[in-house]
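K.L.:
Shown below is the structure under consideration.
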Amino acid sequence: MIDEMTTVLEPRPMLDFVETKYIKDITNRALSYIKAGFPVHLRGPSGTGKTTLAMHLASKIERPVVMIHGDEEFSTSDLVGGEHGYRIRKVVDRFIHSVLKTEEDMVKRWVDNRLTVACKYGFTLIYDEFTRSRPEANNILLSILQEKMMDLPVGRGGEEPYLKVDPDFTAIFTSNPEEYAGVHRSQDALRDRMITMDLDHFDYDTELAITQAKAKLSKQDSRIIVNIVRGLRESGKCEFAPTVRGCIMIAKTLKVQKLTPSKSTSRFMQMCQDILASETSRVGSKTNQNRVKEIIRELVAKELGIGKIINVSREADADSIVVDTVDNKMAENKKQKKESLIEIY
Ligand SMILES: Nc1ncnc2c1ncn2[C@@H]1O[C@H](COP(=O)(O)OP(=O)(O)OP(=O)(O)O)[C@@H](O)[C@H]1O
Ligand SMILES: [Mg+2]
């Protein structure tokens, strides 16, 4: 008895999916490898669009999609299937109406899991974060990707001990780089069977377009947010580089609160610090967070065209004034003592 209990997704293009030159280029390259019959592996740090791109590729392939999320607890049977419970059969015999005779027996019930279903029907498999599963659980993929055969465990019954993988079967993998916490090293043999494309943070136009599309915010305000996030990323001072998710969070909050960065400077500053300082540190160390907040403060000031001063002693002579400003005009006037400088805290 073979049963299937799995969720098959119908791929549809995402409504707010942004297709810039950068995205189109990666999509076309990935599709050319898939067409040539190779599984594609999108590898990159968090927030570089791996999962979204995998779904986009699947929608271009136009086959039903089966999705698996890698998990430390996974065993091969979570991928392939197993004997999940029993089927109880009950026969009630009332042939002679005065006599009630019942018969019960239990049959083990095999349930195919997602990988088997995808191989059998030639669906597109998206194995998201596959390196979160232990390598031994993923071993089953070696023969699927190379020999196009899937070994079926004893117990599935009914059919051959192996399943021929349907020619329409396609696999798309995603993973974070190996230094990330909670991921295993991908096996060399498995990695050797797929084409790995390394993704990095989006280019400027794509990051801007995604921020704008997700929050339905004006281009001008989206640009301010993206400049701040990219500035922080490029500062190299964060434990984790801020991602496009930070841009989206700030943009959506602004939108919902009906605020603009230029009219609500201090709320905007607070929002950027809250969202970006937490996104970029794991342990929440105070010193590091304060340093990051300081960089954010400078970046916001720069974007909004306002300056800020620190450590200014009014008695100090002009040359010793520390003007930590990012406003160009103010930088030029550094040597003139200014009452008009704005302090932002
Ligand atoms: N082309 C795109 N169009 C619109 N939004 C996008 C696009 N690419 C990514 N995004 C958005 O950017 C964010 C991050 O993308 P995604 O979740 O795909 O990244 P990821 O690399 O899978 O991250 P993680 O490693 O954390 O899972 C999501 O909110 C996603 O909706
Ligand atoms: Mg992802």
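We label chains A, B, ... in the order they appear in the structure tokens, count residues from 1 in each chain, and number ligands from 1 in the order shown.
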Pick out each residue of segment 4-212 of chain A that DSSP on the backbone tags as helix (DSSP H, G or I); I need them as a ChimeraX atom specification.

P.N.:
/A:21-35,50-61,76-80,114-121,130-132,135-138,140-146,188-191,204-212

K.L.:
Applying 8 Å and only C-alpha atoms, which residues near segment 118-129 of chain A remain after dropping the ones on its own chain fewer than 6 positions away? List them as a PDB file with N, CA and C atoms, in the first residue's frame.

P.N.:
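As written to disk, selection-v6.pdb reads:
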ATOM      1  N   THR A  51      15.994  32.167  -1.646  1.00  0.00           N
ATOM      2  CA  THR A  51      14.716  31.444  -1.645  1.00  0.00           C
ATOM      3  C   THR A  51      13.759  32.057  -2.670  1.00  0.00           C
ATOM      4  N   ALA A  54      14.828  31.013  -6.073  1.00  0.00           N
ATOM      5  CA  ALA A  54      14.526  29.598  -6.320  1.00  0.00           C
ATOM      6  C   ALA A  54      13.051  29.448  -6.727  1.00  0.00           C
ATOM      7  N   MET A  55      12.173  30.179  -6.046  1.00  0.00           N
ATOM      8  CA  MET A  55      10.740  30.124  -6.380  1.00  0.00           C
ATOM      9  C   MET A  55      10.498  30.730  -7.770  1.00  0.00           C
ATOM     10  N   ALA A  58      11.510  28.270 -10.313  1.00  0.00           N
ATOM     11  CA  ALA A  58      10.499  27.207 -10.384  1.00  0.00           C
ATOM     12  C   ALA A  58       9.291  27.670 -11.190  1.00  0.00           C
ATOM     13  N   ILE A  61      10.031  27.294 -14.747  1.00  0.00           N
ATOM     14  CA  ILE A  61      10.096  25.903 -15.222  1.00  0.00           C
ATOM     15  C   ILE A  61       8.675  25.379 -15.506  1.00  0.00           C
ATOM     16  N   ARG A  63       6.477  23.658 -13.744  1.00  0.00           N
ATOM     17  CA  ARG A  63       6.062  22.329 -13.269  1.00  0.00           C
ATOM     18  C   ARG A  63       5.636  22.511 -11.807  1.00  0.00           C
ATOM     19  N   PRO A  64       4.790  21.619 -11.305  1.00  0.00           N
ATOM     20  CA  PRO A  64       4.444  21.731  -9.882  1.00  0.00           C
ATOM     21  C   PRO A  64       5.692  21.678  -9.011  1.00  0.00           C
ATOM     22  N   VAL A  65       5.601  22.312  -7.863  1.00  0.00           N
ATOM     23  CA  VAL A  65       6.782  22.454  -7.005  1.00  0.00           C
ATOM     24  C   VAL A  65       6.590  21.723  -5.678  1.00  0.00           C
ATOM     25  N   VAL A  66       7.657  21.072  -5.260  1.00  0.00           N
ATOM     26  CA  VAL A  66       7.665  20.446  -3.950  1.00  0.00           C
ATOM     27  C   VAL A  66       8.794  21.112  -3.177  1.00  0.00           C
ATOM     28  N   MET A  67       8.487  21.574  -1.982  1.00  0.00           N
ATOM     29  CA  MET A  67       9.501  22.333  -1.246  1.00  0.00           C
ATOM     30  C   MET A  67       9.892  21.604   0.034  1.00  0.00           C
ATOM     31  N   ILE A  68      11.176  21.560   0.303  1.00  0.00           N
ATOM     32  CA  ILE A  68      11.679  20.957   1.546  1.00  0.00           C
ATOM     33  C   ILE A  68      12.577  21.983   2.218  1.00  0.00           C
ATOM     34  N   HIS A  69      12.446  22.126   3.526  1.00  0.00           N
ATOM     35  CA  HIS A  69      13.341  23.013   4.272  1.00  0.00           C
ATOM     36  C   HIS A  69      14.298  22.150   5.079  1.00  0.00           C
ATOM     37  N   GLY A  70      15.580  22.339   4.879  1.00  0.00           N
ATOM     38  CA  GLY A  70      16.581  21.540   5.588  1.00  0.00           C
ATOM     39  C   GLY A  70      16.412  21.647   7.097  1.00  0.00           C
ATOM     40  N   MET A 150      16.396   6.346  -7.760  1.00  0.00           N
ATOM     41  CA  MET A 150      16.215   6.584  -6.334  1.00  0.00           C
ATOM     42  C   MET A 150      16.079   5.232  -5.647  1.00  0.00           C
ATOM     43  N   LEU A 163      13.364   3.568  -7.855  1.00  0.00           N
ATOM     44  CA  LEU A 163      12.419   4.338  -8.656  1.00  0.00           C
ATOM     45  C   LEU A 163      13.200   5.093  -9.717  1.00  0.00           C
ATOM     46  N   LYS A 164      12.710   5.016 -10.945  1.00  0.00           N
ATOM     47  CA  LYS A 164      13.383   5.769 -12.003  1.00  0.00           C
ATOM     48  C   LYS A 164      12.904   7.217 -11.914  1.00  0.00           C
ATOM     49  N   VAL A 165      13.870   8.099 -11.865  1.00  0.00           N
ATOM     50  CA  VAL A 165      13.504   9.506 -11.708  1.00  0.00           C
ATOM     51  C   VAL A 165      12.930  10.043 -13.024  1.00  0.00           C
ATOM     52  N   ASP A 166      11.785  10.665 -12.952  1.00  0.00           N
ATOM     53  CA  ASP A 166      11.134  11.219 -14.143  1.00  0.00           C
ATOM     54  C   ASP A 166      12.060  12.262 -14.800  1.00  0.00           C
ATOM     55  N   PRO A 167      12.142  12.250 -16.137  1.00  0.00           N
ATOM     56  CA  PRO A 167      13.072  13.197 -16.806  1.00  0.00           C
ATOM     57  C   PRO A 167      12.746  14.667 -16.523  1.00  0.00           C
ATOM     58  N   ASP A 168      11.509  14.977 -16.150  1.00  0.00           N
ATOM     59  CA  ASP A 168      11.167  16.385 -15.869  1.00  0.00           C
ATOM     60  C   ASP A 168      11.592  16.835 -14.477  1.00  0.00           C
ATOM     61  N   PHE A 169      12.107  15.893 -13.677  1.00  0.00           N
ATOM     62  CA  PHE A 169      12.503  16.266 -12.314  1.00  0.00           C
ATOM     63  C   PHE A 169      13.640  17.296 -12.356  1.00  0.00           C
ATOM     64  N   THR A 170      13.472  18.354 -11.603  1.00  0.00           N
ATOM     65  CA  THR A 170      14.512  19.396 -11.512  1.00  0.00           C
ATOM     66  C   THR A 170      14.760  19.691 -10.043  1.00  0.00           C
ATOM     67  N   ALA A 171      16.012  19.929  -9.682  1.00  0.00           N
ATOM     68  CA  ALA A 171      16.289  20.252  -8.278  1.00  0.00           C
ATOM     69  C   ALA A 171      16.976  21.607  -8.178  1.00  0.00           C
ATOM     70  N   ILE A 172      16.466  22.422  -7.261  1.00  0.00           N
ATOM     71  CA  ILE A 172      17.098  23.710  -6.976  1.00  0.00           C
ATOM     72  C   ILE A 172      17.426  23.722  -5.485  1.00  0.00           C
ATOM     73  N   PHE A 173      18.676  23.978  -5.175  1.00  0.00           N
ATOM     74  CA  PHE A 173      19.109  23.974  -3.770  1.00  0.00           C
ATOM     75  C   PHE A 173      19.464  25.399  -3.350  1.00  0.00           C
ATOM     76  N   THR A 174      19.302  25.677  -2.059  1.00  0.00           N
ATOM     77  CA  THR A 174      19.843  26.936  -1.544  1.00  0.00           C
ATOM     78  C   THR A 174      20.607  26.617  -0.265  1.00  0.00           C
ATOM     79  N   SER A 175      21.600  27.436   0.023  1.00  0.00           N
ATOM     80  CA  SER A 175      22.308  27.262   1.306  1.00  0.00           C
ATOM     81  C   SER A 175      23.011  28.554   1.689  1.00  0.00           C
ATOM     82  N   ASN A 176      23.262  28.676   2.973  1.00  0.00           N
ATOM     83  CA  ASN A 176      24.093  29.768   3.477  1.00  0.00           C
ATOM     84  C   ASN A 176      25.539  29.285   3.456  1.00  0.00           C
TER      85      ASN A 176
END

K.L.:
Taking only C-alpha atoms and all ligand atoms into account, produce a table as a tab-separated table in which each residue of chain A with an atom at most 9 Å from an atom of ligand 1 appears once, together with its shortest atom pair and the distance in Å to one decimal, ordered by chain and rising number.

P.N.:
residue	atom	partner	partner_atom_place_in_ligand_line	distance
A:Met14	CA	ligand 1	4 (C)	7.9
A:Leu15	CA	ligand 1	4 (C)	8.6
A:Asp16	CA	ligand 1	4 (C)	5.6
A:Phe17	CA	ligand 1	3 (N)	3.6
A:Val18	CA	ligand 1	3 (N)	3.7
A:Glu19	CA	ligand 1	1 (N)	5.7
A:Thr20	CA	ligand 1	1 (N)	7.7
A:Ile23	CA	ligand 1	1 (N)	6.3
A:Leu42	CA	ligand 1	21 (O)	8.5
A:Arg43	CA	ligand 1	21 (O)	8.0
A:Gly44	CA	ligand 1	21 (O)	6.4
A:Pro45	CA	ligand 1	25 (O)	5.7
A:Ser46	CA	ligand 1	25 (O)	3.4
A:Gly47	CA	ligand 1	23 (O)	3.6
A:Thr48	CA	ligand 1	21 (O)	3.9
A:Gly49	CA	ligand 1	18 (O)	3.3
A:Lys50	CA	ligand 1	21 (O)	3.8
A:Thr51	CA	ligand 1	22 (O)	3.8
A:Thr52	CA	ligand 1	18 (O)	3.7
A:Leu53	CA	ligand 1	18 (O)	6.2
A:Ala54	CA	ligand 1	18 (O)	7.9
A:Met55	CA	ligand 1	18 (O)	8.6
A:His56	CA	ligand 1	1 (N)	8.2
A:Asp128	CA	ligand 1	22 (O)	8.0
A:Glu129	CA	ligand 1	27 (O)	7.4
A:Thr174	CA	ligand 1	22 (O)	7.5
A:Ser175	CA	ligand 1	25 (O)	7.0
A:Asn176	CA	ligand 1	25 (O)	5.8
A:Leu199	CA	ligand 1	21 (O)	8.2
A:Asp200	CA	ligand 1	21 (O)	8.9
A:His201	CA	ligand 1	21 (O)	8.8
A:Phe202	CA	ligand 1	8 (N)	8.4
A:Thr206	CA	ligand 1	1 (N)	7.5
A:Glu207	CA	ligand 1	12 (O)	8.4
A:Ala209	CA	ligand 1	4 (C)	7.8
A:Ile210	CA	ligand 1	4 (C)	4.9
A:Thr211	CA	ligand 1	5 (N)	7.8
A:Ala213	CA	ligand 1	4 (C)	7.0
A:Lys214	CA	ligand 1	5 (N)	6.7
A:Thr243	CA	ligand 1	14 (C)	7.7
A:Val244	CA	ligand 1	12 (O)	5.8
A:Arg245	CA	ligand 1	13 (C)	5.3
A:Ile248	CA	ligand 1	29 (O)	7.1

K.L.:
Please provide as a short mmCIF file (atom, residue, chain, number, x, y, z; two decimals) with N, CA, C and O atoms, in the first residue's frame all residues within 12 Å of Gln212 of chain A, with the sequence filter that same-chain residues fewer than 3 positions apart are discarded (counting only C-alpha atoms).

P.N.:
data_model
loop_
_atom_site.label_atom_id
_atom_site.label_comp_id
_atom_site.auth_asym_id
_atom_site.auth_seq_id
_atom_site.Cartn_x
_atom_site.Cartn_y
_atom_site.Cartn_z
N ASP A 16 4.83 41.10 -6.27
CA ASP A 16 5.76 42.23 -6.16
C ASP A 16 7.20 41.80 -6.46
O ASP A 16 8.13 42.39 -5.96
N PHE A 17 7.32 40.78 -7.30
CA PHE A 17 8.67 40.34 -7.66
C PHE A 17 9.34 41.39 -8.54
O PHE A 17 8.74 41.88 -9.49
N VAL A 18 10.56 41.70 -8.20
CA VAL A 18 11.28 42.74 -8.93
C VAL A 18 12.27 42.07 -9.89
O VAL A 18 13.02 41.20 -9.49
N ASP A 205 20.47 49.17 -7.69
CA ASP A 205 19.15 49.33 -8.33
C ASP A 205 18.17 48.27 -7.85
O ASP A 205 16.98 48.55 -7.66
N THR A 206 18.65 47.05 -7.66
CA THR A 206 17.76 45.97 -7.24
C THR A 206 17.31 46.18 -5.79
O THR A 206 16.13 46.04 -5.47
N GLU A 207 18.25 46.57 -4.94
CA GLU A 207 17.90 46.78 -3.53
C GLU A 207 16.86 47.92 -3.42
O GLU A 207 15.90 47.82 -2.66
N LEU A 208 17.06 48.95 -4.22
CA LEU A 208 16.13 50.08 -4.21
C LEU A 208 14.76 49.64 -4.73
O LEU A 208 13.72 49.93 -4.12
N ALA A 209 14.77 48.90 -5.82
CA ALA A 209 13.50 48.47 -6.42
C ALA A 209 12.73 47.55 -5.47
O ALA A 209 11.50 47.64 -5.35
N ALA A 215 7.30 48.01 0.10
CA ALA A 215 6.63 48.92 1.04
C ALA A 215 5.72 49.92 0.34
O ALA A 215 4.99 50.65 1.01
N LYS A 216 5.77 49.94 -0.99
CA LYS A 216 5.01 50.93 -1.77
C LYS A 216 5.35 52.35 -1.29
O LYS A 216 4.48 53.18 -1.04
N LEU A 217 6.63 52.57 -1.12
CA LEU A 217 7.11 53.86 -0.63
C LEU A 217 7.65 54.66 -1.82
O LEU A 217 7.99 54.09 -2.85
N SER A 218 7.77 55.98 -1.67
CA SER A 218 8.28 56.78 -2.78
C SER A 218 9.74 56.42 -3.05
O SER A 218 10.45 55.95 -2.16
N LYS A 219 10.16 56.68 -4.29
CA LYS A 219 11.52 56.35 -4.68
C LYS A 219 12.52 57.16 -3.84
O LYS A 219 13.55 56.65 -3.40
N GLN A 220 12.14 58.41 -3.60
CA GLN A 220 13.04 59.31 -2.88
C GLN A 220 13.30 58.79 -1.45
O GLN A 220 14.44 58.71 -1.00
N ASP A 221 12.23 58.42 -0.76
CA ASP A 221 12.40 57.92 0.61
C ASP A 221 13.08 56.55 0.62
O ASP A 221 13.88 56.24 1.51
N SER A 222 12.75 55.73 -0.36
CA SER A 222 13.39 54.40 -0.43
C SER A 222 14.89 54.56 -0.63
O SER A 222 15.70 53.83 -0.07
N ARG A 223 15.23 55.56 -1.42
CA ARG A 223 16.65 55.79 -1.71
C ARG A 223 17.41 56.14 -0.42
O ARG A 223 18.52 55.67 -0.19
N ILE A 224 16.79 56.97 0.41
CA ILE A 224 17.43 57.36 1.67
C ILE A 224 17.70 56.12 2.52
O ILE A 224 18.80 55.92 3.05
N ILE A 225 16.69 55.26 2.61
CA ILE A 225 16.83 54.04 3.42
C ILE A 225 17.94 53.14 2.87
O ILE A 225 18.81 52.66 3.60
N VAL A 226 17.89 52.93 1.56
CA VAL A 226 18.89 52.04 0.94
C VAL A 226 20.30 52.60 1.12
O VAL A 226 21.24 51.85 1.42
N VAL A 244 18.71 43.43 2.81
CA VAL A 244 17.56 44.11 2.22
C VAL A 244 16.35 44.01 3.15
O VAL A 244 15.46 44.85 3.12
N CYS A 247 16.07 47.14 5.01
CA CYS A 247 15.46 48.20 4.18
C CYS A 247 13.94 48.04 4.18
O CYS A 247 13.21 49.01 4.36
N ILE A 248 13.50 46.79 3.97
CA ILE A 248 12.04 46.55 3.87
C ILE A 248 11.36 46.88 5.20
O ILE A 248 10.30 47.51 5.23
N MET A 249 11.99 46.49 6.31
CA MET A 249 11.38 46.74 7.62
C MET A 249 11.23 48.24 7.88
O MET A 249 10.19 48.71 8.32
N ILE A 250 12.28 48.99 7.60
CA ILE A 250 12.22 50.44 7.84
C ILE A 250 11.16 51.06 6.92
O ILE A 250 10.32 51.85 7.35
N ALA A 251 11.20 50.66 5.65
CA ALA A 251 10.28 51.25 4.68
C ALA A 251 8.82 50.95 5.04
O ALA A 251 7.97 51.84 4.98
N LYS A 252 8.56 49.70 5.44
CA LYS A 252 7.17 49.35 5.77
C LYS A 252 6.71 50.09 7.03
O LYS A 252 5.56 50.52 7.11
N LEU A 254 7.74 53.00 8.10
CA LEU A 254 7.48 54.39 7.70
C LEU A 254 6.12 54.52 7.04
O LEU A 254 5.34 55.40 7.34
N LYS A 255 5.88 53.59 6.13
CA LYS A 255 4.64 53.63 5.35
C LYS A 255 3.42 53.51 6.27
O LYS A 255 2.47 54.28 6.16
#

K.L.:
So that I can see what lies close to segment 130-136 of chain A, please list as a PyMOL selection string the residues with an atom at most 6 Å from it, counting only C-alpha atoms and leaving out residues fewer than 4 positions away in the same chain.

P.N.:
chain A and resi 70-72+74+183-184+186

K.L.:
Fewer than 3 positions away in the same chain doesn't count, so skip those; otherwise give me all residues within 8 Å of Val80 of chain A, counting only C-alpha atoms, as a PyMOL selection string.

P.N.:
chain A and resi 76-77+112-116+152
